[in-house]
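Asker: Structure file entry.tsv (TSV, C-alpha atoms) right here:
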```tsv
chain	number	residue	atom	x	y	z
A	1	MET	CA	20.45	-44.72	66.64
A	2	CYS	CA	19.28	-43.85	63.17
A	3	GLY	CA	16.36	-45.14	61.16
A	4	ALA	CA	12.62	-44.70	60.83
A	5	LEU	CA	9.86	-47.10	61.75
A	6	LEU	CA	8.52	-48.98	58.71
A	7	LEU	CA	5.18	-50.61	59.30
A	8	MET	CA	3.97	-52.09	56.04
A	9	GLY	CA	1.05	-54.30	55.14
A	10	THR	CA	-2.44	-54.39	53.72
A	11	THR	CA	-5.82	-53.49	55.10
A	12	LEU	CA	-7.19	-56.06	57.53
A	13	SER	CA	-10.72	-57.39	57.24
A	14	LEU	CA	-12.96	-56.99	60.24
A	15	THR	CA	-12.25	-60.53	61.40
A	16	ASP	CA	-8.54	-60.88	60.58
A	17	PRO	CA	-6.17	-60.90	63.55
A	18	PRO	CA	-3.75	-57.97	63.57
A	19	LYS	CA	-0.34	-58.58	62.11
A	20	LYS	CA	2.65	-58.16	64.38
A	21	PRO	CA	4.22	-54.70	63.97
A	22	VAL	CA	7.74	-54.56	62.61
A	23	ARG	CA	9.20	-52.60	65.50
A	24	ASP	CA	8.61	-52.03	69.18
A	25	PRO	CA	7.55	-48.39	69.85
A	26	TYR	CA	9.74	-48.45	72.96
A	27	ASP	CA	12.87	-49.43	71.04
A	28	MET	CA	14.76	-46.14	70.63
A	29	SER	CA	17.81	-47.69	68.99
A	30	HIS	CA	16.60	-46.58	65.55
A	31	TYR	CA	16.96	-42.90	66.37
A	32	VAL	CA	19.69	-40.34	66.99
A	33	PRO	CA	19.50	-37.29	69.25
A	34	PHE	CA	18.74	-33.90	67.79
A	35	GLY	CA	21.64	-31.48	67.49
A	36	ASP	CA	22.66	-29.75	70.70
A	37	THR	CA	20.90	-26.50	69.79
A	38	THR	CA	17.54	-28.16	69.08
A	39	GLU	CA	17.79	-30.40	72.17
A	40	PHE	CA	18.53	-27.32	74.28
A	41	GLN	CA	15.63	-25.35	72.77
A	42	ILE	CA	13.13	-28.16	73.36
A	43	ASP	CA	14.31	-28.78	76.91
A	44	SER	CA	14.37	-25.06	77.71
A	45	PHE	CA	10.87	-24.53	76.34
A	46	PHE	CA	9.32	-27.18	78.57
A	47	ARG	CA	11.37	-26.25	81.62
A	48	ARG	CA	10.15	-22.68	81.22
A	49	MET	CA	6.52	-23.81	80.79
A	50	TYR	CA	6.91	-26.05	83.84
A	51	ARG	CA	8.23	-23.18	85.97
A	52	TRP	CA	5.30	-21.04	84.85
A	53	GLY	CA	2.87	-23.80	85.83
A	54	ILE	CA	1.56	-24.24	82.27
A	55	PHE	CA	3.18	-27.62	81.65
A	56	ASN	CA	3.05	-30.77	83.78
A	57	GLY	CA	3.36	-33.82	81.56
A	58	THR	CA	5.30	-35.59	78.83
A	59	TYR	CA	6.53	-34.63	75.37
A	60	LEU	CA	8.11	-36.17	72.28
A	61	PHE	CA	9.53	-34.48	69.17
A	62	HIS	CA	10.50	-36.41	66.06
A	63	LYS	CA	12.07	-35.32	62.77
A	64	ASN	CA	13.51	-37.74	60.21
A	65	ASP	CA	15.81	-39.99	62.27
A	66	SER	CA	16.04	-37.68	65.31
A	67	LEU	CA	14.06	-38.02	68.52
A	68	CYS	CA	13.74	-36.08	71.78
A	69	TYR	CA	11.39	-36.88	74.66
A	70	GLY	CA	10.96	-36.16	78.34
A	71	ALA	CA	8.66	-35.75	81.33
A	72	MET	CA	8.25	-33.12	84.04
A	73	GLY	CA	5.97	-32.98	87.05
A	74	TYR	CA	3.70	-35.46	88.79
A	75	ALA	CA	1.24	-38.14	87.76
A	76	THR	CA	-0.71	-37.71	91.01
A	77	PHE	CA	0.08	-34.63	93.09
A	78	SER	CA	-1.13	-36.18	96.35
A	79	GLN	CA	1.59	-38.84	96.11
A	80	LEU	CA	4.22	-36.70	94.36
A	81	ASP	CA	5.00	-39.59	92.01
A	82	SER	CA	7.10	-38.29	89.13
A	83	LEU	CA	5.81	-38.65	85.60
A	84	LYS	CA	7.61	-40.97	83.19
A	85	PRO	CA	7.54	-40.62	79.37
A	86	ALA	CA	5.75	-43.97	79.01
A	87	ASP	CA	2.86	-42.98	81.31
A	88	LEU	CA	-0.61	-43.19	79.75
A	89	PHE	CA	-2.68	-40.00	79.49
A	90	GLN	CA	-6.31	-39.41	78.58
A	91	LEU	CA	-6.01	-37.98	75.05
A	92	ALA	CA	-9.25	-35.98	75.27
A	93	SER	CA	-10.23	-34.76	71.79
A	94	VAL	CA	-7.09	-36.18	70.19
A	95	SER	CA	-9.20	-39.36	70.45
A	96	LYS	CA	-11.17	-38.02	67.48
A	97	THR	CA	-8.25	-38.90	65.21
A	98	PHE	CA	-8.88	-42.58	66.06
A	99	THR	CA	-12.60	-42.25	65.41
A	100	GLY	CA	-11.92	-40.50	62.12
A	101	THR	CA	-9.46	-43.25	61.15
A	102	ALA	CA	-12.03	-45.92	62.06
A	103	MET	CA	-14.61	-44.25	59.82
A	104	MET	CA	-12.17	-43.93	56.93
A	105	LEU	CA	-11.30	-47.62	57.26
A	106	LEU	CA	-14.99	-48.43	56.77
A	107	VAL	CA	-15.15	-46.06	53.81
A	108	GLN	CA	-12.06	-47.69	52.32
A	109	ASP	CA	-13.47	-51.18	52.87
A	110	GLY	CA	-16.79	-50.25	51.25
A	111	TYR	CA	-18.95	-50.46	54.37
A	112	LEU	CA	-20.22	-46.89	54.00
A	113	LYS	CA	-19.75	-43.56	52.23
A	114	LEU	CA	-19.38	-40.18	53.88
A	115	SER	CA	-22.23	-38.93	51.70
A	116	ASP	CA	-24.58	-41.48	53.33
A	117	SER	CA	-27.44	-40.28	55.49
A	118	VAL	CA	-26.93	-40.62	59.22
A	119	HIS	CA	-30.53	-41.82	59.37
A	120	TRP	CA	-29.58	-45.01	57.51
A	121	TYR	CA	-27.41	-46.05	60.45
A	122	ILE	CA	-29.24	-44.42	63.37
A	123	PRO	CA	-32.88	-44.53	62.24
A	124	GLU	CA	-34.18	-43.53	65.67
A	125	LEU	CA	-32.38	-40.16	65.48
A	126	SER	CA	-35.04	-37.50	64.95
A	127	ARG	CA	-32.74	-35.34	62.81
A	128	ARG	CA	-33.13	-36.62	59.25
A	129	ASN	CA	-31.16	-34.07	57.18
A	130	LEU	CA	-27.61	-35.08	58.15
A	131	SER	CA	-24.84	-36.92	56.31
A	132	LEU	CA	-21.87	-38.73	57.77
A	133	GLN	CA	-19.80	-35.94	56.24
A	134	ASN	CA	-21.65	-33.46	58.45
A	135	LEU	CA	-20.67	-35.44	61.53
A	136	ILE	CA	-17.01	-36.07	60.74
A	137	SER	CA	-16.35	-32.46	59.66
A	138	HIS	CA	-18.32	-30.82	62.51
A	139	SER	CA	-20.95	-29.27	60.28
A	140	SER	CA	-24.05	-31.03	61.64
A	141	GLY	CA	-25.51	-28.21	63.71
A	142	LEU	CA	-26.20	-30.67	66.54
A	143	PRO	CA	-25.97	-29.47	70.16
A	144	ASP	CA	-23.12	-30.79	72.32
A	145	TYR	CA	-24.15	-33.56	74.71
A	146	PHE	CA	-22.04	-31.98	77.47
A	147	TYR	CA	-24.70	-29.28	77.73
A	148	PHE	CA	-27.88	-31.35	77.43
A	149	ASN	CA	-30.80	-31.04	79.79
A	150	MET	CA	-30.29	-34.35	81.59
A	151	LYS	CA	-33.84	-34.44	82.97
A	152	ALA	CA	-34.87	-36.27	79.80
A	153	TRP	CA	-32.46	-39.16	80.45
A	154	GLU	CA	-34.71	-42.22	80.48
A	155	ASN	CA	-32.34	-44.68	82.16
A	156	PRO	CA	-29.86	-42.71	84.27
A	157	LYS	CA	-26.81	-44.58	85.56
A	158	ASP	CA	-23.20	-43.94	86.51
A	159	HIS	CA	-22.05	-43.36	82.94
A	160	LEU	CA	-23.78	-42.03	79.85
A	161	THR	CA	-23.50	-44.34	76.83
A	162	ASN	CA	-23.44	-43.48	73.13
A	163	GLU	CA	-26.96	-44.90	72.84
A	164	ASP	CA	-28.00	-42.49	75.61
A	165	VAL	CA	-26.56	-39.60	73.58
A	166	VAL	CA	-29.02	-40.44	70.78
A	167	GLN	CA	-31.96	-40.63	73.20
A	168	LEU	CA	-31.04	-37.29	74.78
A	169	LEU	CA	-30.44	-35.64	71.40
A	170	ASN	CA	-34.01	-36.46	70.43
A	171	ALA	CA	-35.24	-34.86	73.65
A	172	GLN	CA	-33.50	-31.51	73.18
A	173	PRO	CA	-35.54	-28.42	72.22
A	174	VAL	CA	-35.66	-27.55	68.53
A	175	ASN	CA	-33.96	-24.20	69.13
A	176	HIS	CA	-30.83	-26.04	70.32
A	177	PHE	CA	-30.19	-27.29	66.78
A	178	ALA	CA	-28.59	-25.26	63.99
A	179	LYS	CA	-28.83	-25.65	60.25
A	180	PRO	CA	-26.23	-28.13	58.94
A	181	GLY	CA	-23.40	-27.03	56.69
A	182	ARG	CA	-21.37	-24.58	58.76
A	183	TYR	CA	-18.46	-25.51	61.05
A	184	ASP	CA	-19.57	-25.84	64.66
A	185	TYR	CA	-17.34	-28.07	66.81
A	186	CYS	CA	-19.51	-30.57	68.65
A	187	ASN	CA	-18.61	-33.70	70.63
A	188	SER	CA	-21.99	-35.27	69.84
A	189	ASN	CA	-20.82	-35.75	66.23
A	190	TYR	CA	-18.06	-38.15	67.21
A	191	ALA	CA	-20.13	-39.99	69.79
A	192	LEU	CA	-22.57	-40.76	66.94
A	193	LEU	CA	-19.74	-41.84	64.64
A	194	ALA	CA	-18.47	-44.33	67.23
A	195	LEU	CA	-21.99	-45.74	67.51
A	196	ILE	CA	-22.20	-46.08	63.72
A	197	VAL	CA	-18.90	-48.00	63.67
A	198	GLU	CA	-20.35	-50.40	66.23
A	199	ARG	CA	-23.56	-50.93	64.29
A	200	GLN	CA	-21.83	-51.42	60.95
A	201	THR	CA	-19.22	-53.84	62.23
A	202	GLY	CA	-21.10	-55.64	65.00
A	203	MET	CA	-18.08	-54.96	67.23
A	204	ASP	CA	-17.66	-52.89	70.36
A	205	PHE	CA	-16.01	-49.62	69.31
A	206	ARG	CA	-13.19	-50.19	71.79
A	207	GLU	CA	-12.50	-53.59	70.28
A	208	PHE	CA	-12.59	-52.29	66.71
A	209	VAL	CA	-10.11	-49.48	67.42
A	210	LYS	CA	-7.80	-51.87	69.25
A	211	LEU	CA	-7.93	-54.51	66.51
A	212	ARG	CA	-7.83	-52.35	63.41
A	213	ILE	CA	-5.72	-49.35	64.48
A	214	MET	CA	-3.78	-49.81	67.70
A	215	ASN	CA	-2.55	-53.39	67.38
A	216	PRO	CA	-1.23	-53.05	63.82
A	217	SER	CA	0.49	-49.81	64.85
A	218	GLY	CA	2.28	-51.53	67.72
A	219	MET	CA	0.37	-49.59	70.36
A	220	LYS	CA	0.72	-52.12	73.20
A	221	TYR	CA	-0.92	-50.27	76.06
A	222	SER	CA	-3.14	-47.73	74.32
A	223	HIS	CA	-6.87	-48.34	74.71
A	224	LEU	CA	-10.28	-46.78	74.95
A	225	ALA	CA	-11.21	-46.48	78.61
A	226	ASN	CA	-14.09	-48.40	80.10
A	227	PHE	CA	-14.57	-46.86	83.51
A	228	ASP	CA	-17.26	-49.41	84.36
A	229	SER	CA	-14.61	-52.15	84.35
A	230	LEU	CA	-11.56	-50.09	85.38
A	231	GLY	CA	-12.38	-47.02	87.42
A	232	LEU	CA	-10.80	-43.65	86.75
A	233	VAL	CA	-9.07	-43.69	90.15
A	234	ASN	CA	-7.07	-46.74	89.07
A	235	TYR	CA	-5.17	-44.83	86.39
A	236	THR	CA	-1.62	-43.79	87.26
A	237	VAL	CA	-2.02	-40.32	85.72
A	238	GLN	CA	-4.91	-38.25	87.06
A	239	GLY	CA	-6.28	-35.02	85.60
A	240	TYR	CA	-6.05	-31.83	87.66
A	241	ASP	CA	-7.23	-28.25	87.65
A	242	LYS	CA	-4.60	-26.26	89.52
A	243	LYS	CA	-3.63	-29.45	91.37
A	244	ARG	CA	-7.25	-30.24	92.28
A	245	VAL	CA	-8.02	-33.71	91.00
A	246	PHE	CA	-11.03	-34.29	88.76
A	247	ALA	CA	-13.43	-36.99	89.90
A	248	ASP	CA	-15.24	-39.35	87.55
A	249	ASN	CA	-18.45	-38.07	85.92
A	250	ILE	CA	-21.31	-39.40	83.81
A	251	PHE	CA	-19.86	-38.09	80.51
A	252	ASN	CA	-16.83	-40.39	80.80
A	253	GLY	CA	-19.01	-43.24	79.55
A	254	ALA	CA	-19.52	-41.89	76.02
A	255	MET	CA	-16.65	-42.48	73.60
A	256	GLY	CA	-15.48	-41.51	70.15
A	257	ASP	CA	-15.04	-37.86	71.01
A	258	LYS	CA	-12.61	-38.67	73.86
A	259	GLY	CA	-11.64	-41.68	75.96
A	260	VAL	CA	-8.43	-42.96	74.36
A	261	TYR	CA	-5.49	-43.45	76.72
A	262	SER	CA	-2.01	-43.49	75.19
A	263	ASN	CA	1.52	-42.16	75.62
A	264	VAL	CA	4.01	-40.23	73.54
A	265	PHE	CA	5.83	-43.33	72.24
A	266	GLU	CA	2.69	-45.07	71.04
A	267	MET	CA	1.36	-41.91	69.43
A	268	LEU	CA	4.63	-41.73	67.50
A	269	ALA	CA	3.98	-45.35	66.46
A	270	MET	CA	0.60	-44.24	65.10
A	271	ASP	CA	2.31	-41.46	63.15
A	272	ARG	CA	4.74	-44.00	61.67
A	273	MET	CA	1.85	-46.24	60.67
A	274	LEU	CA	-0.07	-43.39	59.04
A	275	ARG	CA	2.97	-42.63	56.90
A	276	THR	CA	2.59	-46.05	55.25
A	277	ASP	CA	-0.31	-47.54	53.28
A	278	TYR	CA	-0.83	-50.36	55.80
A	279	LEU	CA	-3.97	-48.87	57.38
A	280	LEU	CA	-5.12	-46.21	54.95
A	281	HIS	CA	-4.37	-46.12	51.24
A	282	PRO	CA	-2.86	-42.86	49.92
A	283	ALA	CA	-6.19	-41.77	48.40
A	284	THR	CA	-7.96	-42.41	51.73
A	285	GLN	CA	-5.31	-40.52	53.66
A	286	ALA	CA	-5.68	-37.61	51.26
A	287	GLN	CA	-9.46	-37.66	51.72
A	288	MET	CA	-9.03	-37.71	55.49
A	289	THR	CA	-6.82	-34.60	55.53
A	290	THR	CA	-8.59	-32.57	52.82
A	291	PRO	CA	-10.21	-29.46	54.38
A	292	GLN	CA	-13.99	-29.74	54.62
A	293	THR	CA	-15.05	-26.81	56.79
A	294	VAL	CA	-13.46	-23.42	57.49
A	295	VAL	CA	-12.50	-22.92	61.13
A	296	SER	CA	-10.68	-19.60	60.79
A	297	ALA	CA	-8.81	-17.56	58.22
A	298	ASP	CA	-5.92	-20.05	58.14
A	299	ALA	CA	-7.32	-23.27	59.66
A	300	TYR	CA	-9.75	-25.97	58.56
A	301	TYR	CA	-11.41	-29.12	59.82
A	302	ALA	CA	-11.04	-32.18	57.62
A	303	ASN	CA	-12.21	-35.72	58.47
A	304	GLY	CA	-10.95	-36.34	61.99
A	305	TRP	CA	-8.09	-33.87	61.73
A	306	ARG	CA	-7.64	-30.14	61.90
A	307	VAL	CA	-5.52	-28.83	59.04
A	308	LYS	CA	-3.43	-25.71	58.50
A	309	TRP	CA	-0.43	-24.58	56.47
A	310	ILE	CA	2.54	-23.13	58.36
A	311	ASN	CA	5.49	-21.71	56.43
A	312	GLY	CA	4.22	-23.50	53.32
A	313	GLN	CA	3.96	-26.90	55.00
A	314	LYS	CA	0.71	-28.77	55.60
A	315	TRP	CA	0.06	-29.94	59.15
A	316	ALA	CA	-2.68	-32.34	60.28
A	317	PHE	CA	-3.27	-32.07	64.00
A	318	HIS	CA	-5.67	-32.23	66.90
A	319	ASN	CA	-5.61	-30.74	70.36
A	320	GLY	CA	-7.69	-31.84	73.32
A	321	TRP	CA	-9.00	-30.67	76.67
A	322	TRP	CA	-10.94	-32.84	79.11
A	323	LYS	CA	-11.12	-32.82	82.90
A	324	GLY	CA	-7.56	-31.79	83.66
A	325	PHE	CA	-5.92	-33.11	80.48
A	326	ARG	CA	-4.63	-30.92	77.68
A	327	THR	CA	-3.16	-32.75	74.71
A	328	TYR	CA	-1.45	-31.87	71.43
A	329	TYR	CA	-0.80	-34.18	68.46
A	330	TRP	CA	0.73	-32.51	65.39
A	331	ARG	CA	1.94	-34.22	62.20
A	332	CYS	CA	3.59	-32.50	59.24
A	333	LEU	CA	2.41	-34.02	55.97
A	334	ASP	CA	5.10	-32.43	53.81
A	335	GLU	CA	8.05	-33.52	55.94
A	336	ASP	CA	8.71	-36.43	58.28
A	337	LYS	CA	8.21	-34.68	61.60
A	338	CYS	CA	5.68	-34.63	64.40
A	339	PHE	CA	5.30	-33.84	68.07
A	340	VAL	CA	3.15	-35.14	70.92
A	341	VAL	CA	2.62	-33.19	74.15
A	342	LEU	CA	0.43	-34.53	76.96
A	343	THR	CA	-0.40	-32.59	80.13
A	344	ASN	CA	-2.49	-33.43	83.19
A	345	ASN	CA	-2.81	-30.14	85.08
A	346	VAL	CA	-4.92	-27.35	83.62
A	347	GLN	CA	-3.38	-24.11	84.84
A	348	GLY	CA	-3.04	-20.97	82.80
A	349	PRO	CA	-3.33	-20.79	78.99
A	350	PHE	CA	-2.80	-23.54	76.43
A	351	LEU	CA	0.77	-24.09	75.27
A	352	ARG	CA	1.46	-22.06	72.15
A	353	THR	CA	1.45	-24.60	69.33
A	354	ILE	CA	3.19	-22.22	66.93
A	355	ASP	CA	6.13	-22.16	69.35
A	356	MET	CA	6.23	-25.96	69.44
A	357	VAL	CA	6.07	-26.16	65.64
A	358	GLY	CA	9.02	-23.78	65.59
A	359	LEU	CA	11.10	-26.17	67.69
A	360	LEU	CA	11.18	-28.53	64.67
A	361	LYS	CA	12.42	-26.00	62.11
```
Show this structure as structure tokens.

Answerer:
Amino acid sequence: MCGALLLMGTTLSLTDPPKKPVRDPYDMSHYVPFGDTTEFQIDSFFRRMYRWGIFNGTYLFHKNDSLCYGAMGYATFSQLDSLKPADLFQLASVSKTFTGTAMMLLVQDGYLKLSDSVHWYIPELSRRNLSLQNLISHSSGLPDYFYFNMKAWENPKDHLTNEDVVQLLNAQPVNHFAKPGRYDYCNSNYALLALIVERQTGMDFREFVKLRIMNPSGMKYSHLANFDSLGLVNYTVQGYDKKRVFADNIFNGAMGDKGVYSNVFEMLAMDRMLRTDYLLHPATQAQMTTPQTVVSADAYYANGWRVKWINGQKWAFHNGWWKGFRTYYWRCLDEDKCFVVLTNNVQGPFLRTIDMVGLLK
């Protein structure tokens, strides 16, 4: 089972139908197992995390032509239905990698520049001193919409929309805003970016991501959730906090910062696509993973990705945490390897990513 997915092509226009991917992400015949030692180490790591209650979910590790994946625990604890590797999980903030890719597609196609003023695209936003670069690199100084005073919501309903985020941003006190330019992680940034994609393309953000990113990558079942048309309770995998299920909430309506549902196989398909020039040209990919803001002594935020160097190798990655889901998507840019770990029960600390990176040595 050896071989790597090759998904080649050229950038689609906004109206072109997606081309059929070369390979099915569920066809494992192109891969071989890892060596016994690596397989044992990966399996042992997740069995140990499962026993400790830190892991309940699915995982996939890929390096060159080798692949290892599995699942442990339950999709819904009330029914004790065992998880399967192909189950769809809410990606939480890993969704930002799709929003960042959508923005870079528009940059590549000449629809906008990251140096553009946000005000050009959202003129009703009261903040006038922001660039798209501030949003995509988390240096806007905007407050996070999760912590807004909701009394100012003019048209309350079951789910907050991205348009509502703008209205509520304008209603927040001045002292809730910081000066732009310094890293300050904020979900409002990516909700605004999704809205800008919609306004520039005339397409629903969900439709744009499906057409321009997911379909060409062969992501058959991945999608941006619309809980107004398919309620949260209808999803096979539910999010838990110590086995207490999370109910739907108003923030589930906004997208761009979260909201993508996918599985480990289809996230590998996205990795395979991003290693070609089908979606993003090499110069665009480099721009997307070039550090823009300093997060810590050894970590940076780029344009939709976090970036750090580990043992001399550059990794682009994103983790996520939203209403019972913890997610990890790590891609090495200097070697053909990546891993995807999706969990649906928040209990104890995050999984140690440095340990998971070490499993692919």

Asker: Might you pull out every residue within 12 Å of Phe98 (chain A), with all atoms listed in the file counted and same-chain residues fewer than 5 positions away left off, and present them as a ChimeraX atom specification?

Answerer: /A:91-93,103-105,136,190,193-194,197,205-206,208-214,217,222-224,255-262,267,270-271,274,279,288,303-305,318,329

Asker: Using C-alpha atoms, can you export the residues from the last selection as a compact mmCIF listing (two decimals), in the coordinates of the input?

Answerer:
```txt
# COMPACT_ATOMS: atom_id res chain seq x y z
CA LEU A 91 -6.01 -37.98 75.05
CA ALA A 92 -9.25 -35.98 75.27
CA SER A 93 -10.23 -34.76 71.79
CA MET A 103 -14.61 -44.25 59.82
CA MET A 104 -12.17 -43.93 56.93
CA LEU A 105 -11.30 -47.62 57.26
CA ILE A 136 -17.01 -36.07 60.74
CA TYR A 190 -18.06 -38.15 67.21
CA LEU A 193 -19.74 -41.84 64.64
CA ALA A 194 -18.47 -44.33 67.23
CA VAL A 197 -18.90 -48.00 63.67
CA PHE A 205 -16.01 -49.62 69.31
CA ARG A 206 -13.19 -50.19 71.79
CA PHE A 208 -12.59 -52.29 66.71
CA VAL A 209 -10.11 -49.48 67.42
CA LYS A 210 -7.80 -51.87 69.25
CA LEU A 211 -7.93 -54.51 66.51
CA ARG A 212 -7.83 -52.35 63.41
CA ILE A 213 -5.72 -49.35 64.48
CA MET A 214 -3.78 -49.81 67.70
CA SER A 217 0.49 -49.81 64.85
CA SER A 222 -3.14 -47.73 74.32
CA HIS A 223 -6.87 -48.34 74.71
CA LEU A 224 -10.28 -46.78 74.95
CA MET A 255 -16.65 -42.48 73.60
CA GLY A 256 -15.48 -41.51 70.15
CA ASP A 257 -15.04 -37.86 71.01
CA LYS A 258 -12.61 -38.67 73.86
CA GLY A 259 -11.64 -41.68 75.96
CA VAL A 260 -8.43 -42.96 74.36
CA TYR A 261 -5.49 -43.45 76.72
CA SER A 262 -2.01 -43.49 75.19
CA MET A 267 1.36 -41.91 69.43
CA MET A 270 0.60 -44.24 65.10
CA ASP A 271 2.31 -41.46 63.15
CA LEU A 274 -0.07 -43.39 59.04
CA LEU A 279 -3.97 -48.87 57.38
CA MET A 288 -9.03 -37.71 55.49
CA ASN A 303 -12.21 -35.72 58.47
CA GLY A 304 -10.95 -36.34 61.99
CA TRP A 305 -8.09 -33.87 61.73
CA HIS A 318 -5.67 -32.23 66.90
CA TYR A 329 -0.80 -34.18 68.46
```

Asker: One decimal, Å: what's the distance from CA of Ile54 (chain A) over to CA of Arg352 (chain A), could you say?

Answerer: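 Interatomic distance here is 10.4 Å.
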
Asker: Go through A:Gly73, A:Ser139, A:Gln41, A:Phe177 and flag the residue nearest Ser126 (chain A), using all atoms listed in the file for the distances.

Answerer: A:Phe177

Asker: Within 12 Å of Leu232 (chain A), counting only C-alpha atoms, which residues qualify if same-chain residues fewer than 3 places away don't, as a PyMOL selection string?

Answerer: chain A and resi 89-90+159+225-229+235-239+245-250+252-253+259+261+323

Asker: Would you mind telling me which residue in A:Leu168, A:Leu67, A:Ile196, A:Cys332 lies nearest to Tyr111 (chain A) when using all atoms listed in the file?

Answerer: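 So, comparing all the options, the nearest one is A:Ile196.
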
Asker: From the options A:Gln292, A:Ser188, A:Gln313, A:Asn162, which residue's atoms come nearest to Phe148 (chain A), counting all atoms listed in the file?

Answerer: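 Once distances to Phe148 (chain A) are computed over all atoms listed in the file, the minimum belongs to A:Ser188.
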
Asker: I'd like to know which of A:Cys338, A:Asp184, A:His281, A:Lys220 is closest to Ser296 (chain A), using only C-alpha atoms.

Answerer: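 When distances to Ser296 (chain A) are compared using only C-alpha atoms, the smallest one comes from A:Asp184.
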
Asker: Excluding Tyr301 (chain A) and any residue of its chain fewer than 5 positions from it, enumerate the residues within 9 Å of it, using only C-alpha atoms, and give them as a list in words.

Answerer: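 Residues meeting the cut-off are Ile136, Ser137, His138, Tyr183, Thr289, Thr290, Pro291, Gln292, Thr293, Val294, Val295, Arg306, Val307 and Lys308 of chain A.
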
Asker: For CA of Glu207 (chain A) and CA of Tyr147 (chain A), quote the distance in Å rounded to one decimal.

Answerer: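 Computing the Euclidean distance for CA of Glu207 (chain A) and CA of Tyr147 (chain A) yields 28.2 Å.
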